[in-house]
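Below is one structure, written out as structure tokens; comments come after it.
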Amino acid sequence: MPARDDIFQKAMNEGHSAAWDQEWTKAVSAYRRALEAVPDQPKALGSLGLALYQMNNVEEALQIYMRAAKISPDDPVNMEKVAQLSERVGDLRTAMEAAIRAGDLYLKQRDTDKALENWMHVTSINPENAIAHSRLAQVHERLGHGQQAMMEYLAIASILQRAGNAEKTQEMVNKAQSLMPNSTEVKQAQTLLKTGQLLPKPIRAKGGTGPIRMAQVKQLQQPNASRTASGLDPIAEARQKALTQLAELLFDYSDDSSPAAVERKGLSAIMKGTGSISAQQSEQTKVILHLGQAIDAQSKGNSTLAAEEMEAALDAGLNNPALYFNLGLLRMNGERYESAQRFLQNAVKHNDYALASRLLLGQMLIKKSGVHEAVIEFLEALKLADSLTVPADRADDIRQQYEPLVESYQNEKDETALQKVCDNVNGLLMRPDWREQLHKTREQMPKQDGNIPAPLADVILQAQSSSVLESMNRINQLARMGSLRSAMDEAYDAIQHAPTYLPLHILMGDLLVQEGRTPDAIVKYGVVAHAYGVRGEVPQASKLLRRIIQLSPMDMGARSRLIDQLVARGQMDDAVQEYLELAGIYYRLAELDMARKTYTNALRIVQQGSASRDWNIHILQRMADIDMQRLDWKQALRVFEQIRTLAPDDDAARSQLIELNLRMGQQERALNELENYVSHLESQNKGDLAFTFLSDLVREHDSLPLLKRTLAALLHRLGRTNEAISMLDQLGEVLLQNNDKQGAMEVINQIVLMNPPNVEDYRVLLNQMRKAL
């Protein structure tokens with residue numbers, strides 16, 4: 001048993017350490033090991049639930065907290081977490097029951113504030129919950145909160161009246177009157193009852209919008225009997241994902257205490273100061289209002305109103321691919337094809353919505369302008385779907401083989417053939433089991449030479465691109481033989497037959513590189529990348545832009561375009577990496593303003609997007625370094641304060657904060673920073689590290705008595721009192737030599753408080769100095 005306890009404690013300590021560093025994956029692993037050693041240990045369950053929530057694994061975190069609540073039924077914290085997470089996943093019934101129970105448990109512990117908070121939150125979800133209003137009324141009355149109690153009794157009266165209980169309704173109104181006899185609300189309620197009218201319904205408290213919209217989305221996602229067990233077609237799948245993402249977004253915007261909301265506030269404090277907060281809050285309020293009404297309208301089948309409200313949210317500043325896709329879908333269903341096309345062309349850039357957007361664009365273009373444009377969208381959709389059926393390292397091979405097919409169908413005049421292609425692709429993909437069907441089709445296909453997978457299009461379409469592929473094979477053979485001029489001649493000949501076949505243009509760019517004509521190759525790659533971008537094929541555009549950057553690292557335009565492509569595609573970590581590379585180039589060119597602006601853009605991506613939070617410290621350190629070089633100490637101080645908040649153990653940031661405050665003549669703030677850091681280190685049993693840090697600081701600022709006194713106090717706490725007294729003795733003598741008698745007396749008083757063996761000698765000296773003043 002002791003061995004298991006040791007394993008448990010070690011795992012818990014590792015979990016706490018990882019959690020402190022915000023390494024949540026490691027924390028989860030450690031807490032799981034702790035639970036293997038001591039199953040159902042309440043503290044370990046609570047820690048695991050928190051770590052899972054921080055990883056956005058809400059469903060499992062909820063299960064863990066439910067388990068903890070069952071094991072420790074009298075612990076209000078676990079029950080409160082069950083309420084919060086149930087609300088997050090849209091299970092409002094469980095959320096309200098758990099919140100009422102949590103309030104009851106907090107009340108048993110005499111924590112009335114938390115009890116009231118939980119019951120109040122129930123009324124924000126369901127303003128007609130009689131149990132919550134009853135609890136609130138009783139506790140407010142006991143606490144002497146007459147106004148609040150009166151309002152709760154009136155709310156109960158309204159609920160009871162609608163339930164048909166007239167006697168109890170009058171009793172509740174009379175109770176409210178006894179608490180606040182001169183209240184306008186009570187007088188109005190009595191008048192309404194006497195005239196046989198209904199009392200006003202209880203008003204929803206702030207904060208209930210997000211959970212309710214999430215619940216509506218969950219109801220929209222309930223499986224219908226007609227759906228197979230395999231899943232949804234690509235459009236329905238994307239619609240479900242988009243609605244969930246919008247509901248989660250609304251939840252974060254509505255909840256000021258959510259991690260996302262806290263990070264947004266921290267970001268504005270660093271990058272924009274505090275002057276524009278009211279304007280930002282106004283825009284945020286509009287987004288919440290319109291997005292909530294949009295989801296509500298869509299859940300009730302009012303697609304027109306839902307689309308209008310989503311467009312209003314877009315106008316209010318919400319820029320999200322889920323919003324673009326949902327708008328495109330709604331506008332298409334409403335036969336507003338121009339608007340639908342515009343929104344879908346934005347959504348097609350994002351991985352989550354590319355396939356569904358292509359299919360919708362194809363279906364819409366058939367209705368709008370015929371099959372000539374629609375066939376391209378259907379082939380692009382098939383290309384995306386096909387690339388999912390092969391290993392990731394083969395996806396590019398599959399996508400490239402579709403290029404000549406797209407080229408050939410662009411020149412096809414037979415509308416019957418084009419319609420057949422559209423029907424075949426639509427029939428293959430617009431089905432609940434589309435993934436299984438694609439995999440079955442691929443399994444039945446013969447392998448090509450070199451083990452390169454053939455495109456599924458070979459099965460459902462007639463191949464019309466063999467001549468272009470043969471030309472490319474000849475070009476590659478000539479290039480391998482070193483006959484670059486002949487290879488280029490062959491490429492020019494092939495381009496006459498397929499002028500819009502982009503892989504052929506890329507091959508020409510490769511030949512230019514081999515010939516040493518790098519500037520010409522960059523121009524060629526740039527034009528092709530732009531063409532891919534216009535066609536919505538962001539992966540291919542990004543690949544070419546990376547090639548340009550490899551050839552010309554200082555090409556700012558290409559790097560900026562690449563960043564835009566990555567952000568549009570949702571590849572935030574890659575976008576941040578490119579921002580850092582770009583900022584590094586500006587830094588080496590001594591363009592510090594541009595470098596800092598670029599780092600600020602990177603920080604915005606990290607804290608507003610889905611990029612890893614690990615970038616925060618790295619970027620902030622670069623920003624602070626630039627501020628220090630520009631002697632902008634005030635701005636540097638703000639950045640270092642943010643680093644200190646995110647990484648409390650960062651010695652360099654702590655040291656810089658102290659240094660900067662000292663330089664700016666803010667000794668009191670410097671001392672506060674120092675004391676806070678020393679206390680933080682001591683709380684983690686890192687007294688030796690605190691001593692080293694303070695010693696270095698004293699050496700650098702030997703003339704500052706406060707630093708030496710702080711070091712002496714630390715030595716005393718570490719049990720090294722003799723060293724502390726020796727240091728203070730020397731400091732006192734220096735202060736006396738400088739005629740700073742008040743400072744010397746403070747030092748002697750500090751020695752007295754340490755109670756050394758000869759403490760009486762110091763008391764006598766202290767009294768003599770006081771009399772001499």
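Ligands are numbered from 1 in the order shown, chains are lettered A, B, ... in the order of the structure tokens, and residues start at 1 in each chain.
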
Spatial neighbours of range 557-573 of chain A, 8 Å, only C-alpha atoms, chain gap at least 2 places, as a ChimeraX atom specification: /A:349-351,526,538,541-542,545-546,548-549,555,575-579,582,605-606,609-612

Exercise: range 705-708 of chain A partners within 8 Å, only C-alpha atoms, chain neighbours under 3 positions left out, as a count of residues only: 11

Non-local contacts of range 92-106 of chain A (9 Å; only C-alpha atoms; under 5 positions in same chain excluded) as an NGL selection string: :A and (73-87 or 111-119 or 121-123 or 125-126 or 129 or 131-132 or 135 or 211-212 or 215)

Would you mind exporting N, CA and C atoms of the selected residues as an mmCIF file, in the first residue's frame?
data_model
loop_
_atom_site.group_PDB
_atom_site.id
_atom_site.type_symbol
_atom_site.label_atom_id
_atom_site.label_comp_id
_atom_site.auth_asym_id
_atom_site.auth_seq_id
_atom_site.Cartn_x
_atom_site.Cartn_y
_atom_site.Cartn_z
ATOM 1 N N PRO A 73 -20.311 13.064 -2.903
ATOM 2 C CA PRO A 73 -21.594 13.732 -3.156
ATOM 3 C C PRO A 73 -21.781 15.033 -2.370
ATOM 4 N N ASP A 74 -20.951 15.269 -1.350
ATOM 5 C CA ASP A 74 -21.098 16.491 -0.550
ATOM 6 C C ASP A 74 -20.145 17.594 -0.988
ATOM 7 N N ASP A 75 -19.392 17.355 -2.051
ATOM 8 C CA ASP A 75 -18.455 18.360 -2.551
ATOM 9 C C ASP A 75 -19.149 19.237 -3.594
ATOM 10 N N PRO A 76 -19.380 20.511 -3.297
ATOM 11 C CA PRO A 76 -20.116 21.350 -4.252
ATOM 12 C C PRO A 76 -19.329 21.671 -5.517
ATOM 13 N N VAL A 77 -17.998 21.645 -5.434
ATOM 14 C CA VAL A 77 -17.173 22.039 -6.584
ATOM 15 C C VAL A 77 -17.400 21.090 -7.754
ATOM 16 N N ASN A 78 -17.375 19.777 -7.477
ATOM 17 C CA ASN A 78 -17.574 18.800 -8.550
ATOM 18 C C ASN A 78 -18.969 18.941 -9.162
ATOM 19 N N MET A 79 -19.965 19.152 -8.321
ATOM 20 C CA MET A 79 -21.327 19.293 -8.835
ATOM 21 C C MET A 79 -21.452 20.565 -9.678
ATOM 22 N N GLU A 80 -20.769 21.621 -9.268
ATOM 23 C CA GLU A 80 -20.783 22.864 -10.029
ATOM 24 C C GLU A 80 -20.137 22.655 -11.400
ATOM 25 N N LYS A 81 -19.046 21.890 -11.440
ATOM 26 C CA LYS A 81 -18.385 21.595 -12.723
ATOM 27 C C LYS A 81 -19.292 20.767 -13.624
ATOM 28 N N VAL A 82 -20.024 19.818 -13.042
ATOM 29 C CA VAL A 82 -20.987 19.034 -13.826
ATOM 30 C C VAL A 82 -22.015 19.966 -14.460
ATOM 31 N N ALA A 83 -22.473 20.949 -13.688
ATOM 32 C CA ALA A 83 -23.458 21.907 -14.211
ATOM 33 C C ALA A 83 -22.875 22.709 -15.359
ATOM 34 N N GLN A 84 -21.663 23.215 -15.187
ATOM 35 C CA GLN A 84 -21.042 24.069 -16.207
ATOM 36 C C GLN A 84 -20.769 23.296 -17.496
ATOM 37 N N LEU A 85 -20.273 22.072 -17.375
ATOM 38 C CA LEU A 85 -19.917 21.303 -18.578
ATOM 39 C C LEU A 85 -21.164 20.734 -19.260
ATOM 40 N N SER A 86 -22.165 20.371 -18.494
ATOM 41 C CA SER A 86 -23.427 19.916 -19.097
ATOM 42 C C SER A 86 -24.040 21.043 -19.912
ATOM 43 N N GLU A 87 -23.942 22.242 -19.373
ATOM 44 C CA GLU A 87 -24.427 23.424 -20.091
ATOM 45 C C GLU A 87 -23.644 23.608 -21.382
ATOM 46 N N ASP A 111 -21.485 29.021 2.412
ATOM 47 C CA ASP A 111 -20.962 29.875 1.339
ATOM 48 C C ASP A 111 -22.154 30.384 0.529
ATOM 49 N N THR A 112 -22.820 31.410 1.078
ATOM 50 C CA THR A 112 -24.061 31.883 0.458
ATOM 51 C C THR A 112 -23.822 32.535 -0.900
ATOM 52 N N ASP A 113 -22.664 33.175 -1.065
ATOM 53 C CA ASP A 113 -22.393 33.836 -2.346
ATOM 54 C C ASP A 113 -22.363 32.824 -3.489
ATOM 55 N N LYS A 114 -21.671 31.703 -3.292
ATOM 56 C CA LYS A 114 -21.602 30.666 -4.330
ATOM 57 C C LYS A 114 -22.958 29.996 -4.523
ATOM 58 N N ALA A 115 -23.691 29.824 -3.435
ATOM 59 C CA ALA A 115 -25.031 29.231 -3.554
ATOM 60 C C ALA A 115 -25.923 30.114 -4.416
ATOM 61 N N LEU A 116 -25.918 31.410 -4.120
ATOM 62 C CA LEU A 116 -26.734 32.346 -4.900
ATOM 63 C C LEU A 116 -26.294 32.377 -6.355
ATOM 64 N N GLU A 117 -24.997 32.320 -6.571
ATOM 65 C CA GLU A 117 -24.466 32.356 -7.940
ATOM 66 C C GLU A 117 -24.985 31.178 -8.760
ATOM 67 N N ASN A 118 -24.992 29.976 -8.179
ATOM 68 C CA ASN A 118 -25.450 28.795 -8.906
ATOM 69 C C ASN A 118 -26.942 28.845 -9.183
ATOM 70 N N TRP A 119 -27.737 29.240 -8.199
ATOM 71 C CA TRP A 119 -29.185 29.311 -8.422
ATOM 72 C C TRP A 119 -29.521 30.407 -9.429
ATOM 73 N N HIS A 121 -27.706 31.310 -11.847
ATOM 74 C CA HIS A 121 -27.353 30.838 -13.183
ATOM 75 C C HIS A 121 -28.448 29.941 -13.750
ATOM 76 N N VAL A 122 -29.120 29.200 -12.885
ATOM 77 C CA VAL A 122 -30.236 28.370 -13.350
ATOM 78 C C VAL A 122 -31.314 29.266 -13.970
ATOM 79 N N THR A 123 -31.579 30.395 -13.339
ATOM 80 C CA THR A 123 -32.609 31.305 -13.875
ATOM 81 C C THR A 123 -32.155 31.982 -15.164
ATOM 82 N N ILE A 125 -30.655 30.293 -17.471
ATOM 83 C CA ILE A 125 -30.949 29.273 -18.476
ATOM 84 C C ILE A 125 -32.460 29.133 -18.663
ATOM 85 N N ASN A 126 -33.166 29.029 -17.545
ATOM 86 C CA ASN A 126 -34.629 28.915 -17.587
ATOM 87 C C ASN A 126 -35.218 29.880 -16.565
ATOM 88 N N ASN A 129 -37.795 28.634 -13.746
ATOM 89 C CA ASN A 129 -37.476 27.514 -12.857
ATOM 90 C C ASN A 129 -37.881 27.898 -11.432
ATOM 91 N N ILE A 131 -37.916 26.188 -8.628
ATOM 92 C CA ILE A 131 -37.051 25.740 -7.530
ATOM 93 C C ILE A 131 -35.940 26.749 -7.284
ATOM 94 N N ALA A 132 -35.291 27.205 -8.373
ATOM 95 C CA ALA A 132 -34.190 28.164 -8.234
ATOM 96 C C ALA A 132 -34.695 29.478 -7.648
ATOM 97 N N ARG A 135 -35.322 29.056 -3.893
ATOM 98 C CA ARG A 135 -34.074 29.071 -3.109
ATOM 99 C C ARG A 135 -33.553 30.508 -2.982
ATOM 100 N N PRO A 211 -25.627 28.729 -23.786
ATOM 101 C CA PRO A 211 -26.080 27.365 -23.518
ATOM 102 C C PRO A 211 -27.352 26.999 -24.268
ATOM 103 N N ILE A 212 -28.286 27.945 -24.352
ATOM 104 C CA ILE A 212 -29.564 27.642 -25.020
ATOM 105 C C ILE A 212 -29.341 27.395 -26.509
ATOM 106 N N ALA A 215 -27.860 24.018 -27.021
ATOM 107 C CA ALA A 215 -28.884 22.983 -26.899
ATOM 108 C C ALA A 215 -29.705 22.887 -28.177
#

Atom pair CA of Thr191 in chain A / CA of Val173 in chain A: separation (Å): 10.7 Å

Applying 10 Å and only C-alpha atoms, which residues near Lys634 in chain A remain after dropping the ones on its own chain fewer than 6 positions away? List them as a PDB file with N, CA, C and O atoms, in the first residue's frame.
ATOM      1  N   ASP A 627      11.260  46.267 -27.897  1.00  0.00           N
ATOM      2  CA  ASP A 627      10.924  47.445 -27.097  1.00  0.00           C
ATOM      3  C   ASP A 627      12.137  47.930 -26.300  1.00  0.00           C
ATOM      4  O   ASP A 627      12.351  49.140 -26.161  1.00  0.00           O
ATOM      5  N   MET A 628      12.927  47.003 -25.787  1.00  0.00           N
ATOM      6  CA  MET A 628      14.120  47.380 -25.028  1.00  0.00           C
ATOM      7  C   MET A 628      15.136  48.073 -25.941  1.00  0.00           C
ATOM      8  O   MET A 628      15.758  49.066 -25.556  1.00  0.00           O
ATOM      9  N   LEU A 660      13.521  47.315 -15.058  1.00  0.00           N
ATOM     10  CA  LEU A 660      12.799  48.405 -15.711  1.00  0.00           C
ATOM     11  C   LEU A 660      12.145  49.332 -14.695  1.00  0.00           C
ATOM     12  O   LEU A 660      12.175  50.558 -14.839  1.00  0.00           O
ATOM     13  N   ASN A 661      11.546  48.763 -13.669  1.00  0.00           N
ATOM     14  CA  ASN A 661      10.931  49.601 -12.644  1.00  0.00           C
ATOM     15  C   ASN A 661      11.974  50.461 -11.936  1.00  0.00           C
ATOM     16  O   ASN A 661      11.709  51.622 -11.599  1.00  0.00           O
ATOM     17  N   MET A 664      12.993  53.307 -14.204  1.00  0.00           N
ATOM     18  CA  MET A 664      11.940  54.317 -14.320  1.00  0.00           C
ATOM     19  C   MET A 664      11.647  55.003 -12.981  1.00  0.00           C
ATOM     20  O   MET A 664      10.672  55.744 -12.859  1.00  0.00           O
TER      21      MET A 664
END

Shell around Ala724 in chain A at 10 Å using only C-alpha atoms, local window under 3 positions removed, as a PyMOL selection string: chain A and resi 708-721+727-729+751+754

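Proximity to Ala155 in chain A was assessed for A:Val678, A:Ala189, A:Ile376, A:Leu52 counting only C-alpha atoms; the smallest distance is recorded for A:Ala189.
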
Best match for closeness to Leu305 in chain A among A:Leu704, A:Leu291, A:Ala744, A:Val752, counting only C-alpha atoms: A:Leu291

Which of range 273-478 of chain A fall in helix (DSSP H, G or I), as a CSV table (one decimal) with C-alpha atoms, in the first residue's frame:
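Writing done, so here's result-v5.csv:
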chain,number,residue,atom,x,y,z
A,277,ILE,CA,-12.4,48.5,-25.2
A,278,SER,CA,-15.9,50.1,-25.1
A,279,ALA,CA,-16.0,50.0,-28.9
A,280,GLN,CA,-14.9,46.4,-29.0
A,281,GLN,CA,-17.5,45.5,-26.4
A,282,SER,CA,-20.2,47.2,-28.5
A,283,GLU,CA,-19.2,45.1,-31.5
A,284,GLN,CA,-19.1,42.0,-29.4
A,285,THR,CA,-22.6,42.7,-28.1
A,286,LYS,CA,-23.9,42.9,-31.7
A,287,VAL,CA,-22.2,39.7,-32.7
A,288,ILE,CA,-23.8,37.9,-29.7
A,289,LEU,CA,-27.2,39.3,-30.4
A,290,HIS,CA,-27.2,38.5,-34.2
A,291,LEU,CA,-25.5,35.1,-33.9
A,292,GLY,CA,-27.9,34.0,-31.1
A,293,GLN,CA,-30.9,35.0,-33.1
A,294,ALA,CA,-29.6,33.3,-36.2
A,295,ILE,CA,-29.2,30.0,-34.4
A,296,ASP,CA,-32.6,30.4,-32.8
A,297,ALA,CA,-34.2,31.1,-36.2
A,298,GLN,CA,-32.4,28.2,-37.9
A,299,SER,CA,-33.5,25.8,-35.2
A,303,SER,CA,-33.8,30.0,-42.9
A,304,THR,CA,-34.4,33.5,-44.3
A,305,LEU,CA,-34.3,35.2,-40.9
A,306,ALA,CA,-31.3,33.0,-39.9
A,307,ALA,CA,-29.4,34.1,-43.0
A,308,GLU,CA,-30.2,37.8,-42.4
A,309,GLU,CA,-29.0,37.6,-38.8
A,310,MET,CA,-25.8,35.8,-39.8
A,311,GLU,CA,-25.1,38.5,-42.4
A,312,ALA,CA,-25.6,41.1,-39.6
A,313,ALA,CA,-23.1,39.2,-37.4
A,314,LEU,CA,-20.7,39.3,-40.4
A,315,ASP,CA,-21.2,43.1,-40.7
A,321,PRO,CA,-15.4,30.0,-42.1
A,322,ALA,CA,-18.3,28.3,-40.3
A,323,LEU,CA,-20.3,31.5,-40.7
A,324,TYR,CA,-19.4,31.8,-44.4
A,325,PHE,CA,-20.4,28.1,-45.1
A,326,ASN,CA,-23.7,28.3,-43.2
A,327,LEU,CA,-24.6,31.6,-45.0
A,328,GLY,CA,-23.8,30.0,-48.4
A,329,LEU,CA,-25.9,27.0,-47.6
A,330,LEU,CA,-28.9,29.1,-46.4
A,331,ARG,CA,-28.7,31.6,-49.3
A,332,MET,CA,-28.5,28.7,-51.8
A,333,ASN,CA,-31.5,27.0,-50.3
A,337,TYR,CA,-27.3,32.3,-55.9
A,338,GLU,CA,-25.1,35.4,-56.2
A,339,SER,CA,-24.8,35.8,-52.4
A,340,ALA,CA,-24.5,32.0,-51.9
A,341,GLN,CA,-21.6,31.9,-54.4
A,342,ARG,CA,-19.8,34.7,-52.7
A,343,PHE,CA,-20.0,33.1,-49.3
A,344,LEU,CA,-19.1,29.6,-50.4
A,345,GLN,CA,-16.0,30.9,-52.3
A,346,ASN,CA,-14.8,32.1,-48.9
A,347,ALA,CA,-15.7,28.9,-47.1
A,354,ALA,CA,-13.9,22.8,-48.9
A,355,LEU,CA,-15.5,19.5,-50.0
A,356,ALA,CA,-19.1,20.5,-49.1
A,357,SER,CA,-18.6,24.0,-50.6
A,358,ARG,CA,-17.4,22.5,-53.9
A,359,LEU,CA,-20.5,20.3,-54.0
A,360,LEU,CA,-22.8,23.2,-53.2
A,361,LEU,CA,-21.2,25.4,-55.8
A,362,GLY,CA,-21.6,22.6,-58.4
A,363,GLN,CA,-25.2,22.1,-57.6
A,364,MET,CA,-25.8,25.8,-57.7
A,365,LEU,CA,-24.0,26.4,-60.9
A,366,ILE,CA,-26.1,23.8,-62.7
A,367,LYS,CA,-29.2,25.7,-61.7
A,368,LYS,CA,-27.6,29.1,-62.4
A,369,SER,CA,-25.5,28.9,-65.5
A,371,VAL,CA,-23.0,22.4,-66.6
A,372,HIS,CA,-19.8,24.0,-68.1
A,373,GLU,CA,-18.8,25.7,-64.9
A,374,ALA,CA,-20.5,23.2,-62.6
A,375,VAL,CA,-18.4,20.2,-63.9
A,376,ILE,CA,-15.2,21.9,-62.6
A,377,GLU,CA,-16.6,22.2,-59.1
A,378,PHE,CA,-17.7,18.6,-59.1
A,379,LEU,CA,-14.3,17.4,-60.3
A,380,GLU,CA,-12.6,19.5,-57.6
A,381,ALA,CA,-15.0,18.0,-55.0
A,382,LEU,CA,-14.1,14.5,-56.3
A,383,LYS,CA,-10.4,15.4,-56.0
A,384,LEU,CA,-10.8,16.4,-52.4
A,385,ALA,CA,-12.8,13.3,-51.5
A,386,ASP,CA,-10.4,11.0,-53.4
A,387,SER,CA,-7.4,12.4,-51.6
A,392,ALA,CA,-1.4,11.5,-46.5
A,393,ASP,CA,2.0,11.3,-48.3
A,394,ARG,CA,0.1,10.1,-51.4
A,395,ALA,CA,-2.6,12.8,-51.4
A,396,ASP,CA,-0.5,15.2,-53.6
A,397,ASP,CA,0.0,12.5,-56.2
A,398,ILE,CA,-3.8,11.9,-56.4
A,399,ARG,CA,-4.5,15.6,-56.6
A,400,GLN,CA,-2.0,16.2,-59.4
A,401,GLN,CA,-3.6,13.4,-61.5
A,403,GLU,CA,-5.3,18.4,-63.2
A,404,PRO,CA,-5.4,17.0,-66.7
A,405,LEU,CA,-8.9,15.7,-66.2
A,406,VAL,CA,-10.1,19.2,-65.1
A,407,GLU,CA,-8.2,20.6,-68.1
A,408,SER,CA,-9.9,18.3,-70.6
A,409,TYR,CA,-13.4,18.9,-69.2
A,410,GLN,CA,-12.9,22.6,-69.4
A,415,GLU,CA,-23.2,19.0,-72.6
A,416,THR,CA,-24.6,15.5,-72.2
A,417,ALA,CA,-21.1,14.2,-71.3
A,418,LEU,CA,-20.7,17.0,-68.8
A,419,GLN,CA,-24.0,16.4,-67.2
A,420,LYS,CA,-23.1,12.8,-66.8
A,421,VAL,CA,-19.9,13.7,-65.0
A,422,CYS,CA,-21.9,16.0,-62.7
A,423,ASP,CA,-24.5,13.4,-62.0
A,424,ASN,CA,-21.9,10.6,-61.4
A,425,VAL,CA,-19.9,12.7,-58.9
A,426,ASN,CA,-23.0,14.0,-57.1
A,427,GLY,CA,-24.4,10.5,-56.9
A,428,LEU,CA,-21.2,9.1,-55.5
A,429,LEU,CA,-20.6,11.7,-52.8
A,434,TRP,CA,-19.8,8.2,-49.1
A,435,ARG,CA,-16.6,7.4,-47.3
A,436,GLU,CA,-17.2,3.6,-47.3
A,437,GLN,CA,-18.2,3.8,-50.9
A,438,LEU,CA,-15.0,5.6,-51.9
A,439,HIS,CA,-12.9,3.1,-50.0
A,440,LYS,CA,-14.6,0.1,-51.6
A,441,THR,CA,-14.1,1.6,-55.0
A,442,ARG,CA,-10.4,2.2,-54.4
A,443,GLU,CA,-10.0,-1.4,-53.1
A,449,ASP,CA,3.1,1.1,-62.0
A,450,GLY,CA,5.4,2.3,-59.2
A,451,ASN,CA,2.6,1.7,-56.7
A,457,ALA,CA,-12.0,9.4,-61.6
A,458,ASP,CA,-10.6,6.6,-63.9
A,459,VAL,CA,-13.5,4.4,-62.8
A,460,ILE,CA,-16.4,6.9,-63.0
A,466,SER,CA,-3.5,10.9,-71.7
A,467,SER,CA,-1.7,13.1,-74.3
A,468,VAL,CA,-0.8,15.7,-71.6
A,469,LEU,CA,0.5,13.1,-69.2
A,470,GLU,CA,2.6,11.6,-72.0
A,471,SER,CA,4.1,15.0,-72.8
A,472,MET,CA,5.0,15.5,-69.1
A,473,ASN,CA,6.7,12.1,-69.0
A,474,ARG,CA,8.8,13.0,-72.0
A,475,ILE,CA,9.7,16.4,-70.5
A,476,ASN,CA,10.8,14.7,-67.3
A,477,GLN,CA,12.9,12.1,-69.2
A,478,LEU,CA,14.7,14.8,-71.2
